[in-house]
>>> print(open('structure38.cif').read())   # mmCIF, C-alpha atoms and all ligand atoms; chains and numbers go by the auth columns
data_query
#
loop_
_atom_site.group_PDB
_atom_site.id
_atom_site.type_symbol
_atom_site.label_atom_id
_atom_site.label_comp_id
_atom_site.label_asym_id
_atom_site.label_seq_id
_atom_site.Cartn_x
_atom_site.Cartn_y
_atom_site.Cartn_z
_atom_site.B_iso_or_equiv
_atom_site.auth_seq_id
_atom_site.auth_asym_id
ATOM 1 C CA MET A 1 -44.113 59.808 6.340 0.00 1 R
ATOM 2 C CA GLY A 2 -41.963 57.465 8.389 0.00 2 R
ATOM 3 C CA LYS A 3 -42.349 56.559 12.009 0.00 3 R
ATOM 4 C CA ARG A 4 -41.876 59.325 14.532 0.00 4 R
ATOM 5 C CA TYR A 5 -40.141 59.130 17.859 0.00 5 R
ATOM 6 C CA TYR A 6 -41.271 61.332 20.678 0.00 6 R
ATOM 7 C CA CYS A 7 -38.905 62.250 23.521 0.00 7 R
ATOM 8 C CA ASP A 8 -40.819 62.863 26.724 0.00 8 R
ATOM 9 C CA TYR A 9 -38.004 64.750 28.388 0.00 9 R
ATOM 10 C CA CYS A 10 -37.422 67.179 25.557 0.00 10 R
ATOM 11 C CA ASP A 11 -41.032 67.303 24.361 0.00 11 R
ATOM 12 C CA LYS A 12 -39.636 66.805 20.911 0.00 12 R
ATOM 13 C CA THR A 13 -40.609 64.620 17.973 0.00 13 R
ATOM 14 C CA MET A 14 -38.019 63.214 15.559 0.00 14 R
ATOM 15 C CA VAL A 15 -37.624 60.522 12.927 0.00 15 R
ATOM 16 C CA ALA A 16 -37.718 57.109 14.602 0.00 16 R
ATOM 17 C CA SER A 17 -34.384 55.955 13.303 0.00 17 R
ATOM 18 C CA PRO A 18 -32.030 54.283 15.809 0.00 18 R
ATOM 19 C CA SER A 19 -29.108 56.497 14.867 0.00 19 R
ATOM 20 C CA ILE A 20 -31.108 59.713 15.218 0.00 20 R
ATOM 21 C CA ILE A 21 -32.520 58.609 18.585 0.00 21 R
ATOM 22 C CA ARG A 22 -29.049 57.583 19.763 0.00 22 R
ATOM 23 C CA THR A 23 -27.617 60.924 18.745 0.00 23 R
ATOM 24 C CA HIS A 24 -30.479 62.716 20.398 0.00 24 R
ATOM 25 C CA ASN A 25 -30.054 60.772 23.639 0.00 25 R
ATOM 26 C CA LYS A 26 -26.376 61.684 23.720 0.00 26 R
ATOM 27 C CA GLY A 27 -27.160 65.341 23.190 0.00 27 R
ATOM 28 C CA VAL A 28 -26.449 67.866 25.889 0.00 28 R
ATOM 29 C CA VAL A 29 -29.972 69.291 25.817 0.00 29 R
ATOM 30 C CA HIS A 30 -31.528 65.850 26.265 0.00 30 R
ATOM 31 C CA GLN A 31 -29.177 64.793 29.043 0.00 31 R
ATOM 32 C CA LYS A 32 -29.712 68.081 30.787 0.00 32 R
ATOM 33 C CA LEU A 33 -33.480 67.636 30.743 0.00 33 R
ATOM 34 C CA VAL A 34 -33.267 63.987 31.869 0.00 34 R
ATOM 35 C CA SER A 35 -31.018 64.987 34.741 0.00 35 R
ATOM 36 C CA GLU A 36 -33.295 67.838 35.733 0.00 36 R
ATOM 37 C CA HIS A 37 -36.261 65.485 35.528 0.00 37 R
ATOM 38 C CA TYR A 38 -34.709 63.068 38.004 0.00 38 R
ATOM 39 C CA GLN A 39 -33.343 65.818 40.200 0.00 39 R
ATOM 40 C CA GLN A 40 -36.873 66.621 41.334 0.00 40 R
ATOM 41 C CA TYR A 41 -37.358 63.062 42.587 0.00 41 R
ATOM 42 C CA LYS A 42 -34.082 63.009 44.469 0.00 42 R
ATOM 43 C CA ASP A 43 -34.041 62.951 48.225 0.00 43 R
ATOM 44 C CA PRO A 44 -32.924 66.337 49.610 0.00 44 R
ATOM 45 C CA SER A 45 -30.118 64.639 51.539 0.00 45 R
ATOM 46 C CA THR A 46 -28.875 63.087 48.251 0.00 46 R
ATOM 47 C CA ILE A 47 -28.913 66.482 46.527 0.00 47 R
ATOM 48 C CA LEU A 48 -27.146 68.026 49.482 0.00 48 R
ATOM 49 C CA SER A 49 -24.335 65.476 49.506 0.00 49 R
ATOM 50 C CA GLU A 50 -23.952 65.734 45.710 0.00 50 R
ATOM 51 C CA GLU A 51 -23.925 69.519 45.661 0.00 51 R
ATOM 52 C CA SER A 52 -21.607 69.825 48.660 0.00 52 R
ATOM 53 C CA ASN A 53 -18.933 67.972 46.676 0.00 53 R
ATOM 54 C CA LYS A 54 -19.178 70.349 43.717 0.00 54 R
ATOM 55 C CA LYS A 55 -17.577 73.706 43.272 0.00 55 R
ATOM 56 C CA PRO A 56 -19.987 76.534 42.523 0.00 56 R
ATOM 57 C CA CYS A 57 -20.508 77.114 38.794 0.00 57 R
ATOM 58 C CA VAL A 58 -19.061 80.487 37.861 0.00 58 R
ATOM 59 C CA ARG A 59 -20.792 80.533 34.491 0.00 59 R
ATOM 60 C CA PHE A 60 -24.161 79.757 36.027 0.00 60 R
ATOM 61 C CA ALA A 61 -23.734 82.669 38.423 0.00 61 R
ATOM 62 C CA ARG A 62 -23.373 84.875 35.349 0.00 62 R
ATOM 63 C CA GLY A 63 -26.362 83.180 33.707 0.00 63 R
ATOM 64 C CA GLU A 64 -24.141 81.726 30.991 0.00 64 R
ATOM 65 C CA CYS A 65 -24.024 78.010 31.825 0.00 65 R
ATOM 66 C CA GLN A 66 -25.720 75.804 29.231 0.00 66 R
ATOM 67 C CA PHE A 67 -25.232 72.532 31.079 0.00 67 R
ATOM 68 C CA GLY A 68 -28.054 72.757 33.622 0.00 68 R
ATOM 69 C CA GLY A 69 -28.467 69.544 35.562 0.00 69 R
ATOM 70 C CA ILE A 70 -25.462 67.856 33.956 0.00 70 R
ATOM 71 C CA CYS A 71 -23.001 70.602 34.811 0.00 71 R
ATOM 72 C CA ARG A 72 -20.173 69.230 36.928 0.00 72 R
ATOM 73 C CA PHE A 73 -20.245 72.416 38.976 0.00 73 R
ATOM 74 C CA SER A 74 -22.977 73.215 41.408 0.00 74 R
ATOM 75 C CA HIS A 75 -25.845 75.430 40.348 0.00 75 R
ATOM 76 C CA TYR A 76 -27.061 75.747 43.902 0.00 76 R
ATOM 77 C CA THR A 77 -26.408 79.011 45.669 0.00 77 R
ATOM 78 C CA GLN A 78 -24.965 79.014 49.171 0.00 78 R
ATOM 79 C CA GLU A 79 -28.396 80.091 50.351 0.00 79 R
ATOM 80 C CA GLN A 80 -30.067 77.126 48.689 0.00 80 R
ATOM 81 C CA ILE A 81 -27.458 74.761 50.161 0.00 81 R
ATOM 82 C CA ASN A 82 -28.137 76.221 53.607 0.00 82 R
ATOM 83 C CA THR A 83 -31.872 75.735 53.110 0.00 83 R
ATOM 84 C CA LEU A 84 -31.231 72.134 52.072 0.00 84 R
ATOM 85 C CA LYS A 85 -29.061 71.629 55.158 0.00 85 R
ATOM 86 C CA GLN A 86 -31.807 72.966 57.411 0.00 86 R
ATOM 87 C CA TYR A 87 -34.392 70.826 55.664 0.00 87 R
ATOM 88 C CA VAL A 88 -32.287 67.667 55.981 0.00 88 R
ATOM 89 C CA ALA A 89 -31.515 68.440 59.640 0.00 89 R
ATOM 90 C CA ALA A 90 -35.234 68.920 60.329 0.00 90 R
ATOM 91 C CA GLN A 91 -35.964 65.620 58.591 0.00 91 R
ATOM 92 C CA ASP A 92 -33.339 63.836 60.690 0.00 92 R
ATOM 93 C CA SER A 93 -34.800 65.156 63.914 0.00 93 R
ATOM 94 C CA THR A 94 -38.260 63.981 62.818 0.00 94 R
ATOM 95 C CA LYS A 95 -36.785 60.520 62.325 0.00 95 R
ATOM 96 C CA LEU A 96 -35.302 60.673 65.836 0.00 96 R
ATOM 97 C CA ASN A 97 -38.613 61.749 67.296 0.00 97 R
ATOM 98 C CA ALA A 98 -40.332 58.844 65.624 0.00 98 R
ATOM 99 C CA ASN A 99 -38.402 56.531 67.951 0.00 99 R
ATOM 100 C CA GLN A 100 -39.594 58.395 70.992 0.00 100 R
ATOM 101 C CA PRO A 101 -43.095 57.825 72.304 0.00 101 R
ATOM 102 C CA SER A 102 -45.551 60.393 71.043 0.00 102 R
ATOM 103 C CA PHE A 103 -47.821 62.345 73.332 0.00 103 R
ATOM 104 C CA GLU A 104 -50.665 59.974 72.469 0.00 104 R
ATOM 105 C CA ASP A 105 -48.544 56.956 73.433 0.00 105 R
ATOM 106 C CA LEU A 106 -47.649 58.509 76.770 0.00 106 R
ATOM 107 C CA TYR A 107 -51.244 59.430 77.458 0.00 107 R
ATOM 108 C CA GLN A 108 -52.369 55.926 76.573 0.00 108 R
ATOM 109 C CA LYS A 109 -49.747 54.432 78.869 0.00 109 R
ATOM 110 C CA LEU A 110 -50.813 56.687 81.712 0.00 110 R
ATOM 111 C CA GLN A 111 -54.412 55.563 81.330 0.00 111 R
ATOM 112 C CA THR A 112 -53.380 51.917 81.298 0.00 112 R
ATOM 113 C CA ASP A 113 -51.180 52.411 84.367 0.00 113 R
ATOM 114 C CA LYS A 114 -54.049 54.057 86.191 0.00 114 R
ATOM 115 C CA ILE A 115 -56.325 51.129 85.510 0.00 115 R
ATOM 116 C CA THR A 116 -53.834 48.438 86.525 0.00 116 R
ATOM 117 C CA LYS A 117 -52.733 50.326 89.611 0.00 117 R
ATOM 118 C CA SER A 118 -56.222 51.158 90.810 0.00 118 R
ATOM 119 C CA GLN A 119 -57.600 47.674 90.322 0.00 119 R
ATOM 120 C CA PRO A 120 -56.462 46.191 93.677 0.00 120 R
ATOM 121 C CA ASN A 121 -58.409 48.918 95.463 0.00 121 R
ATOM 122 C CA GLU A 122 -61.591 48.297 93.605 0.00 122 R
ATOM 123 C CA GLY A 123 -62.454 45.055 95.274 0.00 123 R
ATOM 124 C CA THR A 124 -61.503 42.694 98.019 0.00 124 R
ATOM 125 C CA ALA A 125 -60.351 39.196 97.269 0.00 125 R
ATOM 126 C CA MET A 126 -61.320 36.331 99.555 0.00 126 R
ATOM 127 C CA TYR A 127 -60.543 32.682 99.235 0.00 127 R
ATOM 128 C CA ASP A 128 -62.992 30.013 100.306 0.00 128 R
ATOM 129 C CA ARG A 129 -62.098 26.531 101.542 0.00 129 R
ATOM 130 C CA ASN A 130 -62.049 25.177 98.025 0.00 130 R
ATOM 131 C CA GLY A 131 -59.440 27.712 97.029 0.00 131 R
ATOM 132 C CA VAL A 132 -61.894 29.645 94.915 0.00 132 R
ATOM 133 C CA THR A 133 -61.202 33.368 94.765 0.00 133 R
ATOM 134 C CA HIS A 134 -64.119 35.675 95.357 0.00 134 R
ATOM 135 C CA ILE A 135 -63.817 39.330 94.520 0.00 135 R
ATOM 136 C CA PHE A 136 -66.157 41.543 96.492 0.00 136 R
ATOM 137 C CA PRO A 137 -66.944 44.997 95.218 0.00 137 R
ATOM 138 C CA TRP A 138 -65.895 46.830 98.362 0.00 138 R
ATOM 139 C CA VAL A 139 -62.647 47.795 99.939 0.00 139 R
ATOM 140 C CA TYR A 140 -61.364 47.875 103.487 0.00 140 R
ATOM 141 C CA ASN A 141 -59.305 50.583 104.970 0.00 141 R
ATOM 142 C CA PRO A 142 -56.145 48.797 106.169 0.00 142 R
ATOM 143 C CA VAL A 143 -55.896 51.321 109.025 0.00 143 R
ATOM 144 C CA PHE A 144 -58.784 49.558 110.779 0.00 144 R
ATOM 145 C CA ASP A 145 -56.957 46.214 110.801 0.00 145 R
ATOM 146 C CA SER A 146 -54.786 47.259 113.725 0.00 146 R
ATOM 147 C CA PHE A 147 -57.877 47.643 115.936 0.00 147 R
ATOM 148 C CA GLY A 148 -58.718 43.988 115.525 0.00 148 R
ATOM 149 C CA GLU A 149 -61.649 42.724 117.559 0.00 149 R
ATOM 150 C CA SER A 150 -62.328 46.071 119.158 0.00 150 R
ATOM 151 C CA LEU A 151 -63.800 47.348 115.891 0.00 151 R
ATOM 152 C CA PRO A 152 -67.532 47.682 115.568 0.00 152 R
ATOM 153 C CA PRO A 153 -68.949 44.819 113.482 0.00 153 R
ATOM 154 C CA SER A 154 -69.637 47.032 110.501 0.00 154 R
ATOM 155 C CA LEU A 155 -65.951 47.873 110.137 0.00 155 R
ATOM 156 C CA LYS A 156 -64.593 44.375 110.647 0.00 156 R
ATOM 157 C CA ARG A 157 -63.367 42.465 107.709 0.00 157 R
ATOM 158 C CA LEU A 158 -65.748 39.803 106.669 0.00 158 R
ATOM 159 C CA LYS A 159 -64.322 36.323 106.595 0.00 159 R
ATOM 160 C CA ILE A 160 -65.366 33.769 104.080 0.00 160 R
ATOM 161 C CA ASP A 161 -67.058 31.803 106.871 0.00 161 R
ATOM 162 C CA ASP A 162 -69.394 34.701 107.471 0.00 162 R
ATOM 163 C CA PHE A 163 -70.832 34.059 104.038 0.00 163 R
ATOM 164 C CA ILE A 164 -71.046 30.327 104.421 0.00 164 R
ATOM 165 C CA ASN A 165 -73.041 30.540 107.640 0.00 165 R
ATOM 166 C CA ALA A 166 -75.040 33.530 106.607 0.00 166 R
ATOM 167 C CA SER A 167 -78.633 33.149 105.809 0.00 167 R
ATOM 168 C CA PHE A 168 -79.829 35.373 103.035 0.00 168 R
ATOM 169 C CA THR A 169 -83.418 34.382 103.175 0.00 169 R
ATOM 170 C CA GLU A 170 -84.465 37.739 104.443 0.00 170 R
ATOM 171 C CA TRP A 171 -83.330 40.864 102.665 0.00 171 R
ATOM 172 C CA GLY A 172 -83.925 44.018 104.608 0.00 172 R
HETATM 173 ZN ZN ZN B . -34.705 64.052 24.680 0.00 201 L
HETATM 174 ZN ZN ZN B . -22.848 75.138 35.292 0.00 202 L
#
>>> encode(input="structure38.cif", output="structure tokens")
Amino acid sequence: MGKRYYCDYCDKTMVASPSIIRTHNKGVVHQKLVSEHYQQYKDPSTILSEESNKKPCVRFARGECQFGGICRFSHYTQEQINTLKQYVAAQDSTKLNANQPSFEDLYQKLQTDKITKSQPNEGTAMYDRNGVTHIFPWVYNPVFDSFGESLPPSLKRLKIDDFINASFTEWG
């Protein structure tokens, strides 16, 4: 027995002679199956644009068309075309949405904004004579500033000098 050639598309074994394989590959059945094989990997928008350019196959509607995937007329029903259109439109809108920030992104941004905006209120910056910034973990109510010296000592803003001259040897 000579060498055998197996065609994946047609699930068919034949004599592995170049002329037989060539004839087989040119055959309508083979081409139909190859075309149908690749059709399933096609992007729906590709199928839609291909099928929209074809006239509906009258024979296929009667169940008589032998050409399958290689028919030059469309084997898609109007209903199937509409479904494809809806599918492609839905896909396009997903692509558009991908450019917009997702809910998670917005939430993340809000959290970050909160942190950066609230930071100035979380401490009080003071500069000493050497230009060193000290952040103290308390805040002042700016309303009290307008009362100036008439404020009770506990509400006055501390100046950096208060720390320099302070003696911390005795803690309450
Ligand atoms: Zn084949
Ligand atoms: Zn047809």
>>> resolve_selection(input="structure38.cif", expression="the PyMOL selection byres (((chain R and resi 31) around 12) and not hetatm)", output="JSON, numbers by chain")
{"R": [7, 9, 10, 22, 23, 24, 25, 26, 27, 28, 29, 30, 32, 33, 34, 35, 36, 37, 38, 39, 66, 67, 68, 69, 70, 71]}
>>> atom_distance(input="structure38.cif", atom1="CA of Pro137 in chain R", atom2="CA of Thr124 in chain R")
6.5 Å
>>> atom_distance(input="structure38.cif", atom1="CA of Lys42 in chain R", atom2="CA of Tyr87 in chain R")
13.7 Å
>>> atom_distance(input="structure38.cif", atom1="CA of Pro153 in chain R", atom2="CA of Asn130 in chain R")
25.9 Å
>>> residues_near_ligand(input="structure38.cif", ligand="ligand ZN 202 (chain L)", cutoff="10 Å", atoms="all atoms listed in the file", output="short mmCIF file (atom, residue, chain, number, x, y, z; two decimals) with C-alpha atoms, in the frame of the given file")
data_model
loop_
_atom_site.label_atom_id
_atom_site.label_comp_id
_atom_site.auth_asym_id
_atom_site.auth_seq_id
_atom_site.Cartn_x
_atom_site.Cartn_y
_atom_site.Cartn_z
CA LYS R 55 -17.58 73.71 43.27
CA PRO R 56 -19.99 76.53 42.52
CA CYS R 57 -20.51 77.11 38.79
CA VAL R 58 -19.06 80.49 37.86
CA ARG R 59 -20.79 80.53 34.49
CA PHE R 60 -24.16 79.76 36.03
CA ALA R 61 -23.73 82.67 38.42
CA ARG R 62 -23.37 84.88 35.35
CA GLY R 63 -26.36 83.18 33.71
CA GLU R 64 -24.14 81.73 30.99
CA CYS R 65 -24.02 78.01 31.82
CA GLN R 66 -25.72 75.80 29.23
CA PHE R 67 -25.23 72.53 31.08
CA GLY R 68 -28.05 72.76 33.62
CA GLY R 69 -28.47 69.54 35.56
CA ILE R 70 -25.46 67.86 33.96
CA CYS R 71 -23.00 70.60 34.81
CA ARG R 72 -20.17 69.23 36.93
CA PHE R 73 -20.24 72.42 38.98
CA SER R 74 -22.98 73.22 41.41
CA HIS R 75 -25.84 75.43 40.35
CA TYR R 76 -27.06 75.75 43.90
#
>>> closest_residue(input="structure38.cif", among="R:Val15, R:Val132, R:Met126, R:Ile21", to="ligand ZN 201 (chain L)", atoms="all atoms listed in the file")
R:Ile21
>>> resolve_selection(input="structure38.cif", expression="the PyMOL selection byres (((chain R and resi 48) around 12) and not hetatm)", output="JSON, numbers by chain")
{"R": [39, 42, 43, 44, 45, 46, 47, 49, 50, 51, 52, 53, 54, 74, 75, 76, 77, 78, 80, 81, 82, 83, 84, 85, 86, 87, 88, 89]}
>>> closest_residue(input="structure38.cif", among="R:Asn141, R:Thr13, R:Ser93, R:Gln111", to="ligand ZN 201 (chain L)", atoms="all atoms listed in the file")
R:Thr13
>>> resolve_selection(input="structure38.cif", expression="the PyMOL selection byres (((chain R and resi 5) around 10) and not hetatm)", output="VMD selection string")
chain R and resid 2 to 4 6 to 8 12 to 18 20 to 21
>>> closest_residue(input="structure38.cif", among="R:Asp11, R:Asp105, R:Glu149, R:Gln91", to="ligand ZN 201 (chain L)", atoms="all atoms listed in the file")
R:Asp11
